[in-house]
file work35.cif (mmCIF, C-alpha atoms)
data_structure
#
loop_
_atom_site.group_PDB
_atom_site.id
_atom_site.type_symbol
_atom_site.label_atom_id
_atom_site.label_comp_id
_atom_site.auth_asym_id
_atom_site.auth_seq_id
_atom_site.Cartn_x
_atom_site.Cartn_y
_atom_site.Cartn_z
ATOM 1 C CA MET A 17 -22.161 -3.838 10.228
ATOM 2 C CA ALA A 18 -18.712 -2.783 9.004
ATOM 3 C CA PRO A 19 -17.208 0.249 10.765
ATOM 4 C CA ARG A 20 -17.396 3.566 8.963
ATOM 5 C CA SER A 21 -14.411 4.016 6.671
ATOM 6 C CA ASN A 22 -11.911 6.846 6.972
ATOM 7 C CA LEU A 23 -11.636 6.756 3.170
ATOM 8 C CA ILE A 24 -13.891 7.679 0.257
ATOM 9 C CA THR A 25 -13.554 6.688 -3.403
ATOM 10 C CA THR A 26 -13.958 8.963 -6.407
ATOM 11 C CA GLN A 27 -17.244 7.220 -7.240
ATOM 12 C CA GLU A 28 -18.553 7.788 -3.733
ATOM 13 C CA LEU A 29 -17.478 11.432 -3.766
ATOM 14 C CA GLY A 30 -19.426 12.341 -6.904
ATOM 15 C CA PRO A 31 -22.856 12.665 -5.212
ATOM 16 C CA TYR A 32 -21.339 14.917 -2.518
ATOM 17 C CA LEU A 33 -20.395 17.680 -4.966
ATOM 18 C CA GLY A 34 -22.363 20.850 -4.363
ATOM 19 C CA ARG A 35 -23.782 19.797 -1.006
ATOM 20 C CA ALA A 36 -23.895 22.585 1.564
ATOM 21 C CA ASP A 37 -23.072 20.194 4.421
ATOM 22 C CA VAL A 38 -19.844 18.919 2.785
ATOM 23 C CA ARG A 39 -16.530 20.704 2.445
ATOM 24 C CA ILE A 40 -13.837 19.379 0.111
ATOM 25 C CA VAL A 41 -10.296 20.472 0.987
ATOM 26 C CA ASP A 42 -7.374 20.373 -1.459
ATOM 27 C CA CYS A 43 -4.103 19.772 0.430
ATOM 28 C CA ARG A 44 -1.613 19.474 -2.430
ATOM 29 C CA PHE A 45 1.906 20.601 -1.503
ATOM 30 C CA ASP A 46 5.485 20.143 -2.717
ATOM 31 C CA LEU A 47 8.324 20.338 -0.197
ATOM 32 C CA GLY A 48 10.669 21.312 -3.026
ATOM 33 C CA ASP A 49 8.448 24.182 -4.202
ATOM 34 C CA VAL A 50 6.162 25.489 -1.488
ATOM 35 C CA HIS A 51 4.037 27.455 -3.971
ATOM 36 C CA ALA A 52 3.413 24.535 -6.333
ATOM 37 C CA GLY A 53 0.376 23.149 -4.504
ATOM 38 C CA ARG A 54 -1.514 26.425 -4.508
ATOM 39 C CA ILE A 55 -0.653 27.020 -8.171
ATOM 40 C CA ALA A 56 -1.844 23.517 -9.074
ATOM 41 C CA TYR A 57 -5.070 24.154 -7.173
ATOM 42 C CA GLU A 58 -5.721 27.363 -9.100
ATOM 43 C CA VAL A 59 -5.053 25.581 -12.398
ATOM 44 C CA GLY A 60 -7.521 22.811 -11.617
ATOM 45 C CA HIS A 61 -9.263 21.222 -8.639
ATOM 46 C CA ILE A 62 -12.337 19.220 -7.686
ATOM 47 C CA PRO A 63 -15.413 21.479 -7.923
ATOM 48 C CA GLY A 64 -16.205 23.143 -4.622
ATOM 49 C CA ALA A 65 -12.798 22.449 -3.075
ATOM 50 C CA VAL A 66 -11.078 25.051 -0.926
ATOM 51 C CA PHE A 67 -7.307 25.064 -0.473
ATOM 52 C CA ALA A 68 -5.311 24.356 2.711
ATOM 53 C CA ASP A 69 -1.581 25.053 2.678
ATOM 54 C CA LEU A 70 0.698 22.741 4.671
ATOM 55 C CA ASP A 71 3.063 25.530 5.722
ATOM 56 C CA THR A 72 0.576 28.293 6.543
ATOM 57 C CA ASP A 73 -2.697 26.497 7.394
ATOM 58 C CA LEU A 74 -1.638 23.107 8.756
ATOM 59 C CA SER A 75 1.561 24.170 10.536
ATOM 60 C CA ALA A 76 2.856 26.906 12.795
ATOM 61 C CA PRO A 77 6.042 28.864 12.032
ATOM 62 C CA ILE A 78 9.230 26.916 12.673
ATOM 63 C CA GLN A 79 10.912 27.671 16.007
ATOM 64 C CA PRO A 80 14.567 27.124 17.013
ATOM 65 C CA ASP A 81 13.637 23.976 18.958
ATOM 66 C CA SER A 82 10.785 22.694 16.762
ATOM 67 C CA GLY A 83 10.520 20.340 13.849
ATOM 68 C CA ARG A 84 9.772 21.446 10.299
ATOM 69 C CA HIS A 85 5.983 21.374 10.644
ATOM 70 C CA PRO A 86 4.942 22.174 14.220
ATOM 71 C CA LEU A 87 1.259 22.163 15.062
ATOM 72 C CA PRO A 88 -0.448 25.549 15.133
ATOM 73 C CA ASP A 89 -2.136 26.713 18.279
ATOM 74 C CA ILE A 90 -5.556 25.077 18.484
ATOM 75 C CA SER A 91 -7.299 28.474 18.329
ATOM 76 C CA ASP A 92 -5.371 29.411 15.186
ATOM 77 C CA PHE A 93 -6.335 26.129 13.546
ATOM 78 C CA ALA A 94 -9.968 26.683 14.544
ATOM 79 C CA ALA A 95 -9.820 30.083 12.820
ATOM 80 C CA THR A 96 -8.435 28.407 9.689
ATOM 81 C CA LEU A 97 -11.242 25.837 9.691
ATOM 82 C CA SER A 98 -13.795 28.602 10.187
ATOM 83 C CA ARG A 99 -12.362 30.456 7.176
ATOM 84 C CA LEU A 100 -12.550 27.252 5.134
ATOM 85 C CA GLY A 101 -16.252 26.973 5.958
ATOM 86 C CA ILE A 102 -16.020 24.110 8.436
ATOM 87 C CA ASP A 103 -17.915 23.665 11.697
ATOM 88 C CA GLU A 104 -19.357 20.673 13.537
ATOM 89 C CA SER A 105 -22.192 20.320 10.991
ATOM 90 C CA ILE A 106 -19.858 19.839 8.026
ATOM 91 C CA GLU A 107 -18.502 16.567 6.681
ATOM 92 C CA VAL A 108 -14.975 17.076 5.353
ATOM 93 C CA ILE A 109 -13.310 15.322 2.414
ATOM 94 C CA VAL A 110 -9.556 15.889 2.060
ATOM 95 C CA TYR A 111 -7.276 15.037 -0.847
ATOM 96 C CA ASP A 112 -3.789 15.646 -2.223
ATOM 97 C CA ASP A 113 -1.914 14.523 -5.350
ATOM 98 C CA ALA A 114 -2.416 10.809 -4.740
ATOM 99 C CA PRO A 115 -0.795 8.971 -1.816
ATOM 100 C CA GLY A 116 -2.704 10.807 0.895
ATOM 101 C CA SER A 117 0.127 11.814 3.228
ATOM 102 C CA LEU A 118 -0.731 15.523 3.120
ATOM 103 C CA ALA A 119 -4.452 14.854 3.233
ATOM 104 C CA ALA A 120 -3.831 12.558 6.198
ATOM 105 C CA ARG A 121 -2.153 15.433 8.066
ATOM 106 C CA ALA A 122 -5.260 17.579 7.532
ATOM 107 C CA GLY A 123 -7.545 14.699 8.502
ATOM 108 C CA TRP A 124 -5.533 13.938 11.629
ATOM 109 C CA MET A 125 -5.565 17.604 12.653
ATOM 110 C CA LEU A 126 -9.332 17.736 12.327
ATOM 111 C CA ARG A 127 -9.554 14.725 14.639
ATOM 112 C CA TRP A 128 -7.102 16.397 17.031
ATOM 113 C CA ALA A 129 -9.397 19.445 17.067
ATOM 114 C CA GLY A 130 -12.395 17.248 17.903
ATOM 115 C CA HIS A 131 -13.945 16.848 14.423
ATOM 116 C CA GLU A 132 -14.154 13.214 13.340
ATOM 117 C CA ARG A 133 -16.405 13.546 10.288
ATOM 118 C CA VAL A 134 -13.519 13.548 7.845
ATOM 119 C CA ARG A 135 -12.486 11.159 5.075
ATOM 120 C CA LEU A 136 -9.559 10.915 2.670
ATOM 121 C CA LEU A 137 -10.064 10.578 -1.086
ATOM 122 C CA VAL A 138 -8.563 7.319 -2.344
ATOM 123 C CA GLY A 139 -6.083 8.063 -5.134
ATOM 124 C CA GLY A 140 -6.467 11.803 -4.614
ATOM 125 C CA TYR A 141 -6.554 14.300 -7.448
ATOM 126 C CA GLN A 142 -4.654 11.971 -9.774
ATOM 127 C CA ALA A 143 -7.409 9.366 -9.574
ATOM 128 C CA TRP A 144 -10.053 12.054 -10.065
ATOM 129 C CA LYS A 145 -8.372 13.352 -13.229
ATOM 130 C CA THR A 146 -7.535 9.888 -14.579
ATOM 131 C CA GLN A 147 -11.244 9.067 -14.495
ATOM 132 C CA ARG A 148 -11.972 12.331 -16.350
ATOM 133 C CA LEU A 149 -14.219 13.634 -13.634
ATOM 134 C CA PRO A 150 -15.061 17.372 -13.592
ATOM 135 C CA VAL A 151 -12.440 19.922 -12.554
ATOM 136 C CA VAL A 152 -12.535 23.703 -12.271
ATOM 137 C CA GLY A 153 -9.869 26.397 -12.027
ATOM 138 C CA GLY A 154 -9.520 29.562 -9.983
ATOM 139 C CA ILE A 155 -9.943 30.108 -6.247
ATOM 140 C CA GLU A 156 -13.044 29.075 -4.318
ATOM 141 C CA ARG A 157 -13.992 30.536 -0.959
ATOM 142 C CA ALA A 158 -16.511 29.029 1.420
ATOM 143 C CA GLU A 159 -18.994 30.857 3.574
ATOM 144 C CA HIS A 160 -17.377 31.580 6.934
ATOM 145 C CA ARG A 161 -18.477 29.328 9.786
ATOM 146 C CA HIS A 162 -17.559 29.164 13.467
ATOM 147 C CA PHE A 163 -15.523 26.095 14.383
ATOM 148 C CA VAL A 164 -15.375 25.342 18.102
ATOM 149 C CA PRO A 165 -12.358 23.130 18.843
ATOM 150 C CA VAL A 166 -12.209 20.363 21.416
ATOM 151 C CA SER A 167 -8.484 19.743 21.762
ATOM 152 C CA ARG A 168 -7.423 16.129 22.237
ATOM 153 C CA ASP A 169 -3.955 16.621 23.700
ATOM 154 C CA GLY A 170 -3.724 12.922 24.498
ATOM 155 C CA MET A 171 -3.183 12.280 20.790
ATOM 156 C CA ILE A 172 0.254 13.929 20.997
ATOM 157 C CA ILE A 173 3.566 12.919 22.530
ATOM 158 C CA THR A 174 6.331 15.470 22.997
ATOM 159 C CA THR A 175 10.087 15.332 22.544
ATOM 160 C CA ALA A 176 10.515 15.742 26.287
ATOM 161 C CA GLU A 177 8.359 12.686 26.969
ATOM 162 C CA LEU A 178 10.291 10.571 24.469
ATOM 163 C CA SER A 179 13.631 11.812 25.765
ATOM 164 C CA ASP A 180 12.666 10.841 29.308
ATOM 165 C CA ALA A 181 11.673 7.363 28.099
ATOM 166 C CA VAL A 182 14.485 6.767 25.614
ATOM 167 C CA GLU A 183 15.505 3.501 27.288
ATOM 168 C CA ASN A 184 11.952 2.170 26.886
ATOM 169 C CA ILE A 185 11.106 3.302 23.361
ATOM 170 C CA GLU A 186 11.060 -0.186 21.851
ATOM 171 C CA ALA A 187 8.309 -1.213 24.275
ATOM 172 C CA MET A 188 6.379 1.962 23.424
ATOM 173 C CA ASN A 189 5.972 0.804 19.791
ATOM 174 C CA LEU A 190 7.446 3.898 18.140
ATOM 175 C CA ILE A 191 6.837 3.488 14.385
ATOM 176 C CA ASP A 192 8.739 5.651 11.867
ATOM 177 C CA ALA A 193 6.977 6.324 8.537
ATOM 178 C CA ARG A 194 10.042 7.543 6.622
ATOM 179 C CA ASP A 195 11.606 5.616 3.737
ATOM 180 C CA VAL A 196 13.928 2.789 4.823
ATOM 181 C CA PRO A 197 17.175 4.433 3.564
ATOM 182 C CA ARG A 198 16.425 7.536 5.633
ATOM 183 C CA PHE A 199 15.580 5.442 8.695
ATOM 184 C CA ARG A 200 18.836 3.493 8.358
ATOM 185 C CA GLY A 201 20.832 6.687 7.854
ATOM 186 C CA GLU A 202 21.987 5.643 4.387
ATOM 187 C CA LEU A 203 20.401 8.711 2.793
ATOM 188 C CA GLU A 204 19.140 11.986 4.237
ATOM 189 C CA PRO A 205 17.941 14.499 1.626
ATOM 190 C CA ILE A 206 16.086 16.820 4.009
ATOM 191 C CA ASP A 207 17.386 16.897 7.573
ATOM 192 C CA ALA A 208 20.857 17.753 8.876
ATOM 193 C CA VAL A 209 21.390 14.433 10.683
ATOM 194 C CA ALA A 210 20.742 10.932 9.354
ATOM 195 C CA GLY A 211 19.436 7.934 11.249
ATOM 196 C CA HIS A 212 16.571 7.232 13.648
ATOM 197 C CA ILE A 213 15.565 7.287 17.303
ATOM 198 C CA PRO A 214 16.971 4.234 19.104
ATOM 199 C CA GLY A 215 14.273 1.630 19.606
ATOM 200 C CA ALA A 216 12.036 2.882 16.779
ATOM 201 C CA ARG A 217 10.827 0.567 14.014
ATOM 202 C CA SER A 218 10.633 1.363 10.305
ATOM 203 C CA ILE A 219 7.228 1.021 8.598
ATOM 204 C CA PRO A 220 7.256 3.336 5.528
ATOM 205 C CA PHE A 221 3.845 4.897 4.986
ATOM 206 C CA GLN A 222 3.764 3.583 1.405
ATOM 207 C CA VAL A 223 3.140 0.022 2.661
ATOM 208 C CA SER A 224 -0.532 1.011 3.015
ATOM 209 C CA LEU A 225 -0.749 1.761 -0.715
ATOM 210 C CA ASP A 226 -0.982 -0.404 -3.817
ATOM 211 C CA LYS A 227 1.165 -0.070 -6.961
ATOM 212 C CA ASP A 228 -1.095 2.731 -8.226
ATOM 213 C CA GLY A 229 -0.691 4.792 -5.064
ATOM 214 C CA CYS A 230 -4.210 4.007 -3.836
ATOM 215 C CA TRP A 231 -5.107 2.658 -0.411
ATOM 216 C CA ARG A 232 -5.000 -1.103 -0.077
ATOM 217 C CA PRO A 233 -8.225 -2.909 0.910
ATOM 218 C CA ARG A 234 -9.118 -3.006 4.587
ATOM 219 C CA LYS A 235 -8.338 -6.717 4.880
ATOM 220 C CA ASP A 236 -4.806 -6.058 3.607
ATOM 221 C CA LEU A 237 -4.363 -3.252 6.138
ATOM 222 C CA GLN A 238 -5.622 -5.532 8.909
ATOM 223 C CA HIS A 239 -3.002 -8.121 7.956
ATOM 224 C CA LEU A 240 -0.307 -5.436 7.804
ATOM 225 C CA TRP A 241 -1.060 -4.080 11.267
ATOM 226 C CA SER A 242 -1.433 -7.506 12.830
ATOM 227 C CA GLU A 243 2.181 -8.124 11.807
ATOM 228 C CA VAL A 244 3.273 -4.741 13.168
ATOM 229 C CA LEU A 245 1.317 -4.550 16.439
ATOM 230 C CA GLY A 246 -0.057 -8.058 16.908
ATOM 231 C CA GLU A 247 -3.659 -9.174 17.129
ATOM 232 C CA GLU A 248 -4.584 -6.941 20.079
ATOM 233 C CA LYS A 249 -6.350 -3.964 18.501
ATOM 234 C CA ASP A 250 -5.962 -1.736 21.581
ATOM 235 C CA THR A 251 -2.170 -1.909 21.663
ATOM 236 C CA ALA A 252 -0.667 1.508 22.452
ATOM 237 C CA TRP A 253 1.764 2.883 19.877
ATOM 238 C CA ILE A 254 3.338 6.085 18.554
ATOM 239 C CA ALA A 255 3.668 7.335 14.963
ATOM 240 C CA MET A 256 6.498 9.558 13.757
ATOM 241 C CA CYS A 257 8.247 10.543 10.525
ATOM 242 C CA GLY A 258 10.415 13.466 9.429
ATOM 243 C CA SER A 259 8.163 16.309 10.524
ATOM 244 C CA GLY A 260 4.800 14.917 11.644
ATOM 245 C CA VAL A 261 3.150 14.673 8.210
ATOM 246 C CA THR A 262 3.480 11.157 6.747
ATOM 247 C CA ALA A 263 3.150 9.758 10.282
ATOM 248 C CA CYS A 264 -0.510 10.774 10.023
ATOM 249 C CA HIS A 265 -0.831 8.382 7.077
ATOM 250 C CA LEU A 266 0.193 5.518 9.366
ATOM 251 C CA ALA A 267 -2.374 6.684 11.914
ATOM 252 C CA ILE A 268 -5.202 6.633 9.364
ATOM 253 C CA SER A 269 -4.021 3.264 8.041
ATOM 254 C CA ALA A 270 -4.154 1.678 11.486
ATOM 255 C CA LEU A 271 -7.557 3.216 12.227
ATOM 256 C CA GLU A 272 -8.865 1.837 8.948
ATOM 257 C CA ALA A 273 -7.606 -1.597 10.028
ATOM 258 C CA GLY A 274 -9.477 -1.294 13.324
ATOM 259 C CA TYR A 275 -6.478 -0.561 15.545
ATOM 260 C CA SER A 276 -6.290 2.121 18.199
ATOM 261 C CA GLU A 277 -5.365 5.713 17.475
ATOM 262 C CA PRO A 278 -1.645 6.285 18.080
ATOM 263 C CA ARG A 279 -0.060 9.208 19.786
ATOM 264 C CA LEU A 280 1.603 11.379 17.161
ATOM 265 C CA TYR A 281 5.148 12.600 17.670
ATOM 266 C CA VAL A 282 4.527 15.869 15.846
ATOM 267 C CA GLY A 283 8.100 17.128 16.096
ATOM 268 C CA SER A 284 9.420 13.812 14.753
ATOM 269 C CA TRP A 285 12.966 13.367 13.448
ATOM 270 C CA SER A 286 13.465 17.031 12.486
ATOM 271 C CA GLU A 287 12.807 18.068 16.097
ATOM 272 C CA TRP A 288 14.633 15.180 17.759
ATOM 273 C CA ILE A 289 17.917 16.145 16.092
ATOM 274 C CA ARG A 290 17.711 19.787 17.230
ATOM 275 C CA ASP A 291 19.629 18.748 20.348
ATOM 276 C CA PRO A 292 22.892 16.928 19.501
ATOM 277 C CA ALA A 293 22.826 15.315 22.933
ATOM 278 C CA ARG A 294 19.839 13.158 21.945
ATOM 279 C CA ARG A 295 20.793 9.659 20.908
ATOM 280 C CA VAL A 296 20.745 8.619 17.249
ATOM 281 C CA ALA A 297 20.870 5.109 15.799
ATOM 282 C CA LEU A 298 21.939 3.891 12.352
ATOM 283 C CA GLY A 299 21.084 0.764 10.413
ATOM 284 C CA ASP A 300 18.110 -1.383 11.387
ATOM 285 C CA GLY A 301 18.764 -1.336 15.108
#
call {"tool": "encode", "arguments": {"input": "work35.cif", "output": "C-alpha cells"}}
result
Amino acid sequence: MAPRSNLITTQELGPYLGRADVRIVDCRFDLGDVHAGRIAYEVGHIPGAVFADLDTDLSAPIQPDSGRHPLPDISDFAATLSRLGIDESIEVIVYDDAPGSLAARAGWMLRWAGHERVRLLVGGYQAWKTQRLPVVGGIERAEHRHFVPVSRDGMIITTAELSDAVENIEAMNLIDARDVPRFRGELEPIDAVAGHIPGARSIPFQVSLDKDGCWRPRKDLQHLWSEVLGEEKDTAWIAMCGSGVTACHLAISALEAGYSEPRLYVGSWSEWIRDPARRVALGDG
C-alpha cells in the first residue's frame, strides 16, 4: 500500500467541503503587501476556509536577533489553532495562491505542534478557481476548539547550533530553498546581506513543482531527492531559506518522496546575517 500523501488535489478536496471533522485554512500572503492575503481571502475563498496570517498567526514578532519570521511560542500557536477550530480530531487542509510555500509553513508548524493530519492543496487557490469550483466571500469563523500541543523540538536547529558546527555544515546536508541568484549573492531583494552559509547547497523550492506551479508526481520527487540526498531515505539533513517559510516546502517535498523529516533552520538567512561575525559565502561554493 502506498504511503499516505501529504498532498490533496482539488478533485479530492470537493467531498470534504462542509464536513465538521475537516478544517480548510487559507494561508495566502504577499511579502510586498502584508494585507493583500487577508483582502484576497475576504474577496473569495474555498467554502468553509478560515484565514491564517503569516505575520500574526504563523510567526512571532521580529526580535533584534531573530529572522523575519520567527516561530511563535508553542502555547501561542496552540491558541491560534484553537481559534481556527482545530484540535486532534480535525483533519486540516492548507492552501495558498498556488506554489504551496506558505501552506507548507502552516503544515510544517502543525506537525511541529504534534498534529500530523494535514495536507496541502495541489495548485492552491489558483487551481481551484481555474477549475471553476465554488468560492465564497466574507470572513468565516470556526467553532472554538481546544488544541493540546505536543512540541517536537527535535525538528528545529538553532543559529547557535549551526554556528558551532560551521566547519562541518557540508556534511550536515544543509539545503537552501532560496532562488539560485540569491544563494550565489548575485541578487538580494529582501535581506541586507547577500550570499549563503558556507557549506550549504542550493535546491530552490520550485524544483518540486511543474510548469503550472503544481506539485510534481511522487516518482519525480523521489528521483529529485535521490540526487540530492542519495538512496538512503533516513539520511539526516537540514532545510533553510530566507526566513523559514519556503524551507518548509522542501521538507514536505522530501517527506512526499519518502525521505526523513529534516530539521528546520527557522531563523534561516535573515537570522544568520544578524551577526556580521558569522561567515558568508558567495557563488556556488
call {"tool": "residues_around", "arguments": {"input": "work35.cif", "residues": "Val296 in chain A", "least_positions_apart": "6", "cutoff": "10 Å", "atoms": "all atoms listed in the file", "output": "list in words"}}
result
Gly201, Val209, Ala210, Gly211, His212, Ile213, Pro214, Gly215, Trp285, Trp288 and Ile289 of chain A
call {"tool": "write_last_selection", "arguments": {"input": "work35.cif", "atoms": "C-alpha atoms", "output": "mmCIF file, keeping the file's coordinate frame"}}
result
data_model
loop_
_atom_site.group_PDB
_atom_site.id
_atom_site.type_symbol
_atom_site.label_atom_id
_atom_site.label_comp_id
_atom_site.auth_asym_id
_atom_site.auth_seq_id
_atom_site.Cartn_x
_atom_site.Cartn_y
_atom_site.Cartn_z
ATOM 1 C CA GLY A 201 20.832 6.687 7.854
ATOM 2 C CA VAL A 209 21.390 14.433 10.683
ATOM 3 C CA ALA A 210 20.742 10.932 9.354
ATOM 4 C CA GLY A 211 19.436 7.934 11.249
ATOM 5 C CA HIS A 212 16.571 7.232 13.648
ATOM 6 C CA ILE A 213 15.565 7.287 17.303
ATOM 7 C CA PRO A 214 16.971 4.234 19.104
ATOM 8 C CA GLY A 215 14.273 1.630 19.606
ATOM 9 C CA TRP A 285 12.966 13.367 13.448
ATOM 10 C CA TRP A 288 14.633 15.180 17.759
ATOM 11 C CA ILE A 289 17.917 16.145 16.092
#
call {"tool": "resolve_selection", "arguments": {"input": "work35.cif", "expression": "the PyMOL selection byres ((chain A and resi 277) around 12)", "output": "ChimeraX atom specification"}}
result
/A:124,127-128,168,170-172,249-255,263-276,278-280
call {"tool": "resolve_selection", "arguments": {"input": "work35.cif", "expression": "the PyMOL selection byres ((chain A and resi 67-80) around 9)", "output": "VMD selection string"}}
result
chain A and resid 40 to 45 50 53 to 54 57 65 to 66 81 to 89 92 to 93 96 to 97 100 118 121 to 122 125 155 to 157 290
call {"tool": "closest_residue", "arguments": {"input": "work35.cif", "among": "A:Cys230, A:Ile219, A:Ala181, A:Ile62", "to": "Gly34 in chain A", "atoms": "all atoms listed in the file"}}
result
A:Ile62
call {"tool": "atom_distance", "arguments": {"input": "work35.cif", "atom1": "CA of Pro115 in chain A", "atom2": "CA of Arg148 in chain A"}}
result
18.6 Å
call {"tool": "atom_distance", "arguments": {"input": "work35.cif", "atom1": "CA of Ala119 in chain A", "atom2": "CA of Glu177 in chain A"}}
result
27.1 Å
call {"tool": "atom_distance", "arguments": {"input": "work35.cif", "atom1": "CA of Val164 in chain A", "atom2": "CA of Ala120 in chain A"}}
result
20.9 Å
call {"tool": "closest_residue", "arguments": {"input": "work35.cif", "among": "A:Gly229, A:Pro165, A:Pro197, A:Gly139", "to": "Gln27 in chain A", "atoms": "all atoms listed in the file"}}
result
A:Gly139
call {"tool": "residues_near_point", "arguments": {"input": "work35.cif", "point": "(9.6, 11.8, 9.9)", "cutoff": "10 Å", "atoms": "only C-alpha atoms", "output": "PyMOL selection string"}}
result
chain A and resi 83-84+191-195+198-199+207+212+220+255-263+281-288
call {"tool": "write_last_selection", "arguments": {"input": "work35.cif", "atoms": "C-alpha atoms", "output": "compact mmCIF listing (two decimals), in the frame of the given file"}}
result
# COMPACT_ATOMS: atom_id res chain seq x y z
CA GLY A 83 10.52 20.34 13.85
CA ARG A 84 9.77 21.45 10.30
CA ILE A 191 6.84 3.49 14.38
CA ASP A 192 8.74 5.65 11.87
CA ALA A 193 6.98 6.32 8.54
CA ARG A 194 10.04 7.54 6.62
CA ASP A 195 11.61 5.62 3.74
CA ARG A 198 16.42 7.54 5.63
CA PHE A 199 15.58 5.44 8.70
CA ASP A 207 17.39 16.90 7.57
CA HIS A 212 16.57 7.23 13.65
CA PRO A 220 7.26 3.34 5.53
CA ALA A 255 3.67 7.34 14.96
CA MET A 256 6.50 9.56 13.76
CA CYS A 257 8.25 10.54 10.52
CA GLY A 258 10.42 13.47 9.43
CA SER A 259 8.16 16.31 10.52
CA GLY A 260 4.80 14.92 11.64
CA VAL A 261 3.15 14.67 8.21
CA THR A 262 3.48 11.16 6.75
CA ALA A 263 3.15 9.76 10.28
CA TYR A 281 5.15 12.60 17.67
CA VAL A 282 4.53 15.87 15.85
CA GLY A 283 8.10 17.13 16.10
CA SER A 284 9.42 13.81 14.75
CA TRP A 285 12.97 13.37 13.45
CA SER A 286 13.46 17.03 12.49
CA GLU A 287 12.81 18.07 16.10
CA TRP A 288 14.63 15.18 17.76
call {"tool": "closest_residue", "arguments": {"input": "work35.cif", "among": "A:Asp226, A:Gly299, A:Val166, A:Glu104", "to": "Gly130 in chain A", "atoms": "only C-alpha atoms"}}
result
A:Val166
call {"tool": "closest_residue", "arguments": {"input": "work35.cif", "among": "A:Gly116, A:Gly123, A:Gly101, A:Gly154", "to": "Tyr141 in chain A", "atoms": "only C-alpha atoms"}}
result
A:Gly116
call {"tool": "residues_around", "arguments": {"input": "work35.cif", "residues": "Leu149 in chain A", "least_positions_apart": "5", "cutoff": "12 Å", "atoms": "all atoms listed in the file", "output": "PyMOL selection string"}}
result
chain A and resi 26-27+29-30+33+60-63+141-144
call {"tool": "write_last_selection", "arguments": {"input": "work35.cif", "atoms": "C-alpha atoms", "output": "mmCIF file, in the coordinates of the input"}}
result
data_model
loop_
_atom_site.group_PDB
_atom_site.id
_atom_site.type_symbol
_atom_site.label_atom_id
_atom_site.label_comp_id
_atom_site.auth_asym_id
_atom_site.auth_seq_id
_atom_site.Cartn_x
_atom_site.Cartn_y
_atom_site.Cartn_z
ATOM 1 C CA THR A 26 -13.958 8.963 -6.407
ATOM 2 C CA GLN A 27 -17.244 7.220 -7.240
ATOM 3 C CA LEU A 29 -17.478 11.432 -3.766
ATOM 4 C CA GLY A 30 -19.426 12.341 -6.904
ATOM 5 C CA LEU A 33 -20.395 17.680 -4.966
ATOM 6 C CA GLY A 60 -7.521 22.811 -11.617
ATOM 7 C CA HIS A 61 -9.263 21.222 -8.639
ATOM 8 C CA ILE A 62 -12.337 19.220 -7.686
ATOM 9 C CA PRO A 63 -15.413 21.479 -7.923
ATOM 10 C CA TYR A 141 -6.554 14.300 -7.448
ATOM 11 C CA GLN A 142 -4.654 11.971 -9.774
ATOM 12 C CA ALA A 143 -7.409 9.366 -9.574
ATOM 13 C CA TRP A 144 -10.053 12.054 -10.065
#
call {"tool": "residues_around", "arguments": {"input": "work35.cif", "residues": "Ala36 in chain A", "least_positions_apart": "4", "cutoff": "12 Å", "atoms": "all atoms listed in the file", "output": "ChimeraX atom specification"}}
result
/A:32,40,64,101-103,105-108,158-159,161
call {"tool": "closest_residue", "arguments": {"input": "work35.cif", "among": "A:Val151, A:Ser218, A:Trp241, A:Val138", "to": "Val59 in chain A", "atoms": "all atoms listed in the file"}}
result
A:Val151
